[in-house]
Amino acid sequence: MSGIRVISGTARGRRLRLVPGESTRPINDRVKESLFNIVGADVQDAWLLDLFSGTGSVGIEALSRGAAGVLLVDNDQRAISTVRANLEATGLAAKAEVLRADAFSLLDQMPSRKFDYVYVAPPQYHELWSRAVMMLDAHPGWLNPDAWVIAQMHPKEYHGLELARLLESDQRKYGSTLLVFYELPGS
């Protein structure tokens with residue numbers, strides 16, 4: 001993969017750095033564009049939690065399109081450095097918080113804010129996506145009413161989850177990437 005870019009909004013066309021090594025799997029531009037076509041204008045003024053953020057591409061795209069703020073979380077220092085560099089390069093750092101943390105330890109804590117969207121894109125084939133979705137289901141304090149949790153995985157990884165609060169609302173397959181959408185019904 002030669003690189004990724006910001007597709008729309010204030011930072012449109014800006015190229016983003018990739019995380020050195022093989023530890024991340026950045027979302028390709030086609031999948032990211034499709035994701036934001038589904039989310040649509042609702043991303044404006046929304047808060048997004050980007051778990052396993054890697055390059056920060058999804059969070060940065062949300063900010064470029066008018067999100068109120070993004071919390072980008074990754075456990076890998078190379079990813080954190082890449083996210084910070086990409087935020088500076090796009091001029092979007094002021095609306096972002098970057099946190100080096102284990103996503104599961106973080107989700108076990110009381111959140112400082114609620115989010116409208118949570119993007120879950122962990123390394124493949126380790127059941128991490130389902131663990132994160134189940135933790136968000138068990139800790140709904142992270143989510144605003146009508147929030148979406150969007151999990152990115154390889155299609156072979158997918159299996160249904162028994163969830164108490166989140167409802168699976170959609171799936172979209174793009175080659176070797178599957179996006180599964182869950183919604184927290186409003187109160």
# chains A, B, ... in the order shown; residues from 1 in each chain; ligands from 1
call {"tool": "closest_atom_pairs", "arguments": {"of": "segment 65-157 of chain A", "to": "segment 41-54 of chain A", "cutoff": "8 Å", "atoms": "only C-alpha atoms", "output": "tab-separated table"}}
result
residue	atom	partner	partner_atom	distance
A:Arg65	CA	A:Gln44	CA	6.5
A:Gly66	CA	A:Gln44	CA	4.5
A:Ala67	CA	A:Asp45	CA	4.5
A:Ala68	CA	A:Asp45	CA	4.2
A:Gly69	CA	A:Trp47	CA	5.0
A:Val70	CA	A:Leu48	CA	4.8
A:Leu71	CA	A:Leu49	CA	4.9
A:Leu72	CA	A:Asp50	CA	4.8
A:Val73	CA	A:Leu51	CA	5.0
A:Asp74	CA	A:Phe52	CA	4.7
A:Asn75	CA	A:Phe52	CA	7.4
A:Ala79	CA	A:Gly54	CA	5.0
A:Ile80	CA	A:Gly54	CA	7.4
A:Thr82	CA	A:Gly54	CA	7.7
A:Val83	CA	A:Gly54	CA	7.1
A:Ala103	CA	A:Leu51	CA	6.4
A:Lys114	CA	A:Trp47	CA	7.7
A:Phe115	CA	A:Trp47	CA	5.0
A:Asp116	CA	A:Trp47	CA	5.3
A:Tyr117	CA	A:Leu48	CA	4.7
A:Val118	CA	A:Leu49	CA	4.6
A:Tyr119	CA	A:Asp50	CA	4.9
A:Val120	CA	A:Leu51	CA	5.2
A:Ala121	CA	A:Phe52	CA	5.8
A:Pro122	CA	A:Phe52	CA	5.3
call {"tool": "select_by_dssp", "arguments": {"residues": "segment 3-186 of chain A", "states": "strand (DSSP E)", "output": "PyMOL selection string"}}
result
chain A and resi 4-5+15-16+47-51+69-74+96-100+115-120+143-153+167-174+177-183
call {"tool": "write_last_selection", "arguments": {"atoms": "N, CA and C atoms", "output": "short mmCIF file (atom, residue, chain, number, x, y, z; two decimals), in the first residue's frame"}}
result
data_model
loop_
_atom_site.label_atom_id
_atom_site.label_comp_id
_atom_site.auth_asym_id
_atom_site.auth_seq_id
_atom_site.Cartn_x
_atom_site.Cartn_y
_atom_site.Cartn_z
N ILE A 4 -2.19 6.50 2.11
CA ILE A 4 -3.61 6.78 2.25
C ILE A 4 -3.78 8.29 2.31
N ARG A 5 -4.98 8.73 2.07
CA ARG A 5 -5.21 10.17 2.02
C ARG A 5 -6.51 10.51 2.73
N ARG A 15 -2.02 13.59 2.15
CA ARG A 15 -1.50 12.23 2.32
C ARG A 15 -1.17 11.99 3.78
N LEU A 16 -1.43 10.78 4.24
CA LEU A 16 -1.14 10.39 5.62
C LEU A 16 0.01 9.40 5.64
N TRP A 47 -18.85 13.09 18.21
CA TRP A 47 -17.63 12.66 18.89
C TRP A 47 -17.35 11.22 18.50
N LEU A 48 -16.09 10.94 18.13
CA LEU A 48 -15.71 9.62 17.66
C LEU A 48 -14.57 9.07 18.52
N LEU A 49 -14.70 7.82 18.89
CA LEU A 49 -13.63 7.07 19.56
C LEU A 49 -13.05 6.11 18.55
N ASP A 50 -11.76 6.28 18.23
CA ASP A 50 -11.07 5.47 17.24
C ASP A 50 -10.14 4.52 18.00
N LEU A 51 -10.64 3.29 18.26
CA LEU A 51 -9.86 2.29 18.98
C LEU A 51 -8.93 1.58 18.01
N GLY A 69 -14.94 16.25 17.82
CA GLY A 69 -13.70 15.80 18.42
C GLY A 69 -13.52 14.31 18.27
N VAL A 70 -12.27 13.88 18.42
CA VAL A 70 -11.94 12.46 18.28
C VAL A 70 -10.92 12.09 19.36
N LEU A 71 -11.14 10.92 19.96
CA LEU A 71 -10.15 10.30 20.84
C LEU A 71 -9.56 9.13 20.07
N LEU A 72 -8.25 9.20 19.79
CA LEU A 72 -7.55 8.16 19.04
C LEU A 72 -6.71 7.36 20.02
N VAL A 73 -6.93 6.05 20.05
CA VAL A 73 -6.29 5.17 21.04
C VAL A 73 -5.52 4.07 20.33
N ASP A 74 -4.27 3.88 20.74
CA ASP A 74 -3.50 2.75 20.25
C ASP A 74 -2.47 2.41 21.33
N ALA A 96 -8.33 16.84 18.50
CA ALA A 96 -8.07 15.43 18.75
C ALA A 96 -7.33 15.24 20.05
N GLU A 97 -7.63 14.12 20.70
CA GLU A 97 -6.85 13.66 21.83
C GLU A 97 -6.25 12.32 21.43
N VAL A 98 -4.95 12.16 21.66
CA VAL A 98 -4.25 10.93 21.30
C VAL A 98 -3.82 10.28 22.60
N LEU A 99 -4.17 9.01 22.75
CA LEU A 99 -3.91 8.31 24.00
C LEU A 99 -3.23 6.98 23.71
N ARG A 100 -2.05 6.79 24.30
CA ARG A 100 -1.40 5.47 24.21
C ARG A 100 -1.95 4.65 25.36
N PHE A 115 -19.55 8.93 23.39
CA PHE A 115 -19.24 9.06 21.97
C PHE A 115 -20.45 8.70 21.11
N ASP A 116 -20.50 9.32 19.93
CA ASP A 116 -21.56 9.05 18.95
C ASP A 116 -21.17 7.91 18.03
N TYR A 117 -19.86 7.75 17.82
CA TYR A 117 -19.34 6.69 16.96
C TYR A 117 -18.11 6.09 17.63
N VAL A 118 -18.00 4.77 17.57
CA VAL A 118 -16.80 4.08 18.01
C VAL A 118 -16.36 3.20 16.85
N TYR A 119 -15.12 3.41 16.40
CA TYR A 119 -14.57 2.62 15.31
C TYR A 119 -13.58 1.62 15.88
N VAL A 120 -13.81 0.34 15.61
CA VAL A 120 -13.02 -0.75 16.17
C VAL A 120 -12.33 -1.48 15.01
N LEU A 143 -21.19 5.36 25.35
CA LEU A 143 -21.99 5.62 24.16
C LEU A 143 -23.15 6.56 24.43
N ASN A 144 -23.33 7.52 23.53
CA ASN A 144 -24.54 8.34 23.54
C ASN A 144 -25.71 7.52 23.03
N PRO A 145 -26.95 7.91 23.36
CA PRO A 145 -28.10 7.23 22.75
C PRO A 145 -27.99 7.30 21.22
N ASP A 146 -28.36 6.23 20.56
CA ASP A 146 -28.30 6.12 19.10
C ASP A 146 -26.86 6.06 18.57
N ALA A 147 -25.88 5.82 19.44
CA ALA A 147 -24.49 5.70 18.99
C ALA A 147 -24.31 4.49 18.10
N TRP A 148 -23.31 4.57 17.24
CA TRP A 148 -22.93 3.46 16.38
C TRP A 148 -21.58 2.93 16.81
N VAL A 149 -21.44 1.62 16.82
CA VAL A 149 -20.16 0.95 16.96
C VAL A 149 -19.92 0.25 15.63
N ILE A 150 -18.79 0.54 15.00
CA ILE A 150 -18.49 0.00 13.68
C ILE A 150 -17.21 -0.83 13.81
N ALA A 151 -17.33 -2.12 13.50
CA ALA A 151 -16.19 -3.03 13.62
C ALA A 151 -15.68 -3.38 12.23
N GLN A 152 -14.36 -3.26 12.06
CA GLN A 152 -13.70 -3.63 10.80
C GLN A 152 -12.96 -4.94 11.01
N MET A 153 -13.16 -5.88 10.09
CA MET A 153 -12.50 -7.18 10.21
C MET A 153 -12.38 -7.83 8.84
N LEU A 167 -27.42 -3.49 18.94
CA LEU A 167 -28.11 -4.26 17.91
C LEU A 167 -27.32 -4.17 16.61
N GLU A 168 -27.05 -5.32 15.99
CA GLU A 168 -26.39 -5.29 14.69
C GLU A 168 -27.39 -4.74 13.68
N SER A 169 -26.98 -3.69 12.96
CA SER A 169 -27.90 -3.03 12.05
C SER A 169 -27.54 -3.16 10.58
N ASP A 170 -26.27 -3.48 10.28
CA ASP A 170 -25.86 -3.55 8.88
C ASP A 170 -24.49 -4.22 8.78
N GLN A 171 -24.21 -4.71 7.57
CA GLN A 171 -22.89 -5.24 7.23
C GLN A 171 -22.59 -4.79 5.81
N ARG A 172 -21.32 -4.45 5.57
CA ARG A 172 -20.88 -4.10 4.22
C ARG A 172 -19.54 -4.76 3.97
N LYS A 173 -19.45 -5.49 2.85
CA LYS A 173 -18.22 -6.20 2.51
C LYS A 173 -17.57 -5.51 1.32
N TYR A 174 -16.26 -5.26 1.45
CA TYR A 174 -15.47 -4.64 0.40
C TYR A 174 -14.22 -5.50 0.24
N THR A 177 -12.34 -6.81 3.35
CA THR A 177 -12.72 -6.01 4.52
C THR A 177 -14.22 -6.09 4.72
N LEU A 178 -14.62 -6.38 5.95
CA LEU A 178 -16.02 -6.38 6.33
C LEU A 178 -16.23 -5.33 7.41
N LEU A 179 -17.22 -4.47 7.20
CA LEU A 179 -17.64 -3.52 8.24
C LEU A 179 -18.96 -4.01 8.80
N VAL A 180 -19.04 -4.15 10.13
CA VAL A 180 -20.27 -4.54 10.79
C VAL A 180 -20.69 -3.38 11.68
N PHE A 181 -21.95 -2.96 11.53
CA PHE A 181 -22.48 -1.79 12.22
C PHE A 181 -23.41 -2.25 13.35
N TYR A 182 -23.19 -1.69 14.52
CA TYR A 182 -24.05 -1.94 15.69
C TYR A 182 -24.58 -0.59 16.16
N GLU A 183 -25.81 -0.60 16.67
CA GLU A 183 -26.41 0.65 17.14
C GLU A 183 -26.92 0.46 18.56
#
call {"tool": "closest_residue", "arguments": {"among": "A:Val31, A:Leu107, A:Gly141, A:Thr55", "to": "Gln77 of chain A", "atoms": "only C-alpha atoms"}}
result
A:Thr55
call {"tool": "closest_residue", "arguments": {"among": "A:Ser105, A:Ser8, A:Ser34, A:Ser112", "to": "Met135 of chain A", "atoms": "only C-alpha atoms"}}
result
A:Ser105
call {"tool": "residues_around", "arguments": {"residues": "Gln109 of chain A", "least_positions_apart": "5", "cutoff": "12 Å", "atoms": "only C-alpha atoms", "output": "VMD selection string"}}
result
chain A and resid 101 to 104 135 to 136 138 to 142
call {"tool": "write_last_selection", "arguments": {"atoms": "C-alpha atoms", "output": "PDB file, in the first residue's frame"}}
result
ATOM      1  CA  ALA A 101      -3.372   2.810  26.045  1.00  0.00           C
ATOM      2  CA  ASP A 102      -4.610  -0.738  25.889  1.00  0.00           C
ATOM      3  CA  ALA A 103      -8.115  -0.493  24.418  1.00  0.00           C
ATOM      4  CA  PHE A 104      -9.539  -3.140  26.758  1.00  0.00           C
ATOM      5  CA  MET A 135     -17.026  -4.640  26.195  1.00  0.00           C
ATOM      6  CA  LEU A 136     -18.819  -1.620  24.705  1.00  0.00           C
ATOM      7  CA  ALA A 138     -21.301  -4.197  28.716  1.00  0.00           C
ATOM      8  CA  HIS A 139     -20.118  -0.602  29.362  1.00  0.00           C
ATOM      9  CA  PRO A 140     -22.709   1.592  27.604  1.00  0.00           C
ATOM     10  CA  GLY A 141     -21.449   4.664  29.495  1.00  0.00           C
ATOM     11  CA  TRP A 142     -19.068   5.127  26.557  1.00  0.00           C
TER      12      TRP A 142
END
call {"tool": "select_by_dssp", "arguments": {"residues": "segment 23-154 of chain A", "states": "helix (DSSP H, G or I)", "output": "PyMOL selection string"}}
result
chain A and resi 29-43+57-64+77-90+93-95+103-107+128-138+140-142
call {"tool": "closest_residue", "arguments": {"among": "A:Leu35, A:Ala132, A:Met110, A:Gly59", "to": "Leu87 of chain A", "atoms": "only C-alpha atoms"}}
result
A:Gly59
call {"tool": "residues_around", "arguments": {"residues": "Pro123 of chain A", "least_positions_apart": "3", "cutoff": "8 Å", "atoms": "only C-alpha atoms", "output": "CSV table (one decimal) with N, CA and C atoms, in the first residue's frame"}}
result
chain,number,residue,atom,x,y,z
A,23,SER,N,2.6,-3.9,11.8
A,23,SER,CA,1.7,-4.1,13.0
A,23,SER,C,0.3,-3.6,12.8
A,24,THR,N,0.1,-2.8,11.7
A,24,THR,CA,-1.3,-2.2,11.5
A,24,THR,C,-1.8,-2.6,10.1
A,25,ARG,N,-3.1,-2.5,9.9
A,25,ARG,CA,-3.7,-2.7,8.6
A,25,ARG,C,-4.6,-1.5,8.3
A,126,HIS,N,-7.5,-12.3,15.8
A,126,HIS,CA,-7.3,-12.5,17.3
A,126,HIS,C,-8.5,-12.3,18.1
A,128,LEU,N,-10.2,-9.8,18.6
A,128,LEU,CA,-10.2,-8.6,19.3
A,128,LEU,C,-11.4,-7.7,19.0
call {"tool": "closest_residue", "arguments": {"among": "A:Ala94, A:Ala62, A:Leu18, A:Leu106", "to": "Ser81 of chain A", "atoms": "only C-alpha atoms"}}
result
A:Leu18
call {"tool": "decode", "arguments": {"residues": "segment 29-49 of chain A", "atoms": "C-alpha atoms", "output": "PDB file, in the first residue's frame"}}
result
ATOM      1  CA  ASP A  29      -9.472   4.749   0.707  1.00  0.00           C
ATOM      2  CA  ARG A  30     -12.361   2.909  -1.004  1.00  0.00           C
ATOM      3  CA  VAL A  31     -13.580   1.372   2.250  1.00  0.00           C
ATOM      4  CA  LYS A  32     -13.105   4.630   4.157  1.00  0.00           C
ATOM      5  CA  GLU A  33     -15.060   6.578   1.533  1.00  0.00           C
ATOM      6  CA  SER A  34     -17.879   4.006   1.694  1.00  0.00           C
ATOM      7  CA  LEU A  35     -17.890   4.161   5.499  1.00  0.00           C
ATOM      8  CA  PHE A  36     -18.278   7.931   5.501  1.00  0.00           C
ATOM      9  CA  ASN A  37     -20.930   7.792   2.769  1.00  0.00           C
ATOM     10  CA  ILE A  38     -22.930   5.556   5.138  1.00  0.00           C
ATOM     11  CA  VAL A  39     -22.352   7.812   8.158  1.00  0.00           C
ATOM     12  CA  GLY A  40     -23.077  10.865   6.034  1.00  0.00           C
ATOM     13  CA  ALA A  41     -23.563  14.353   7.447  1.00  0.00           C
ATOM     14  CA  ASP A  42     -24.241  12.897  10.910  1.00  0.00           C
ATOM     15  CA  VAL A  43     -20.486  12.974  11.526  1.00  0.00           C
ATOM     16  CA  GLN A  44     -20.669  16.769  11.788  1.00  0.00           C
ATOM     17  CA  ASP A  45     -20.454  17.844  15.442  1.00  0.00           C
ATOM     18  CA  ALA A  46     -20.202  14.184  16.531  1.00  0.00           C
ATOM     19  CA  TRP A  47     -17.625  12.664  18.887  1.00  0.00           C
ATOM     20  CA  LEU A  48     -15.705   9.621  17.658  1.00  0.00           C
ATOM     21  CA  LEU A  49     -13.634   7.071  19.565  1.00  0.00           C
TER      22      LEU A  49
END
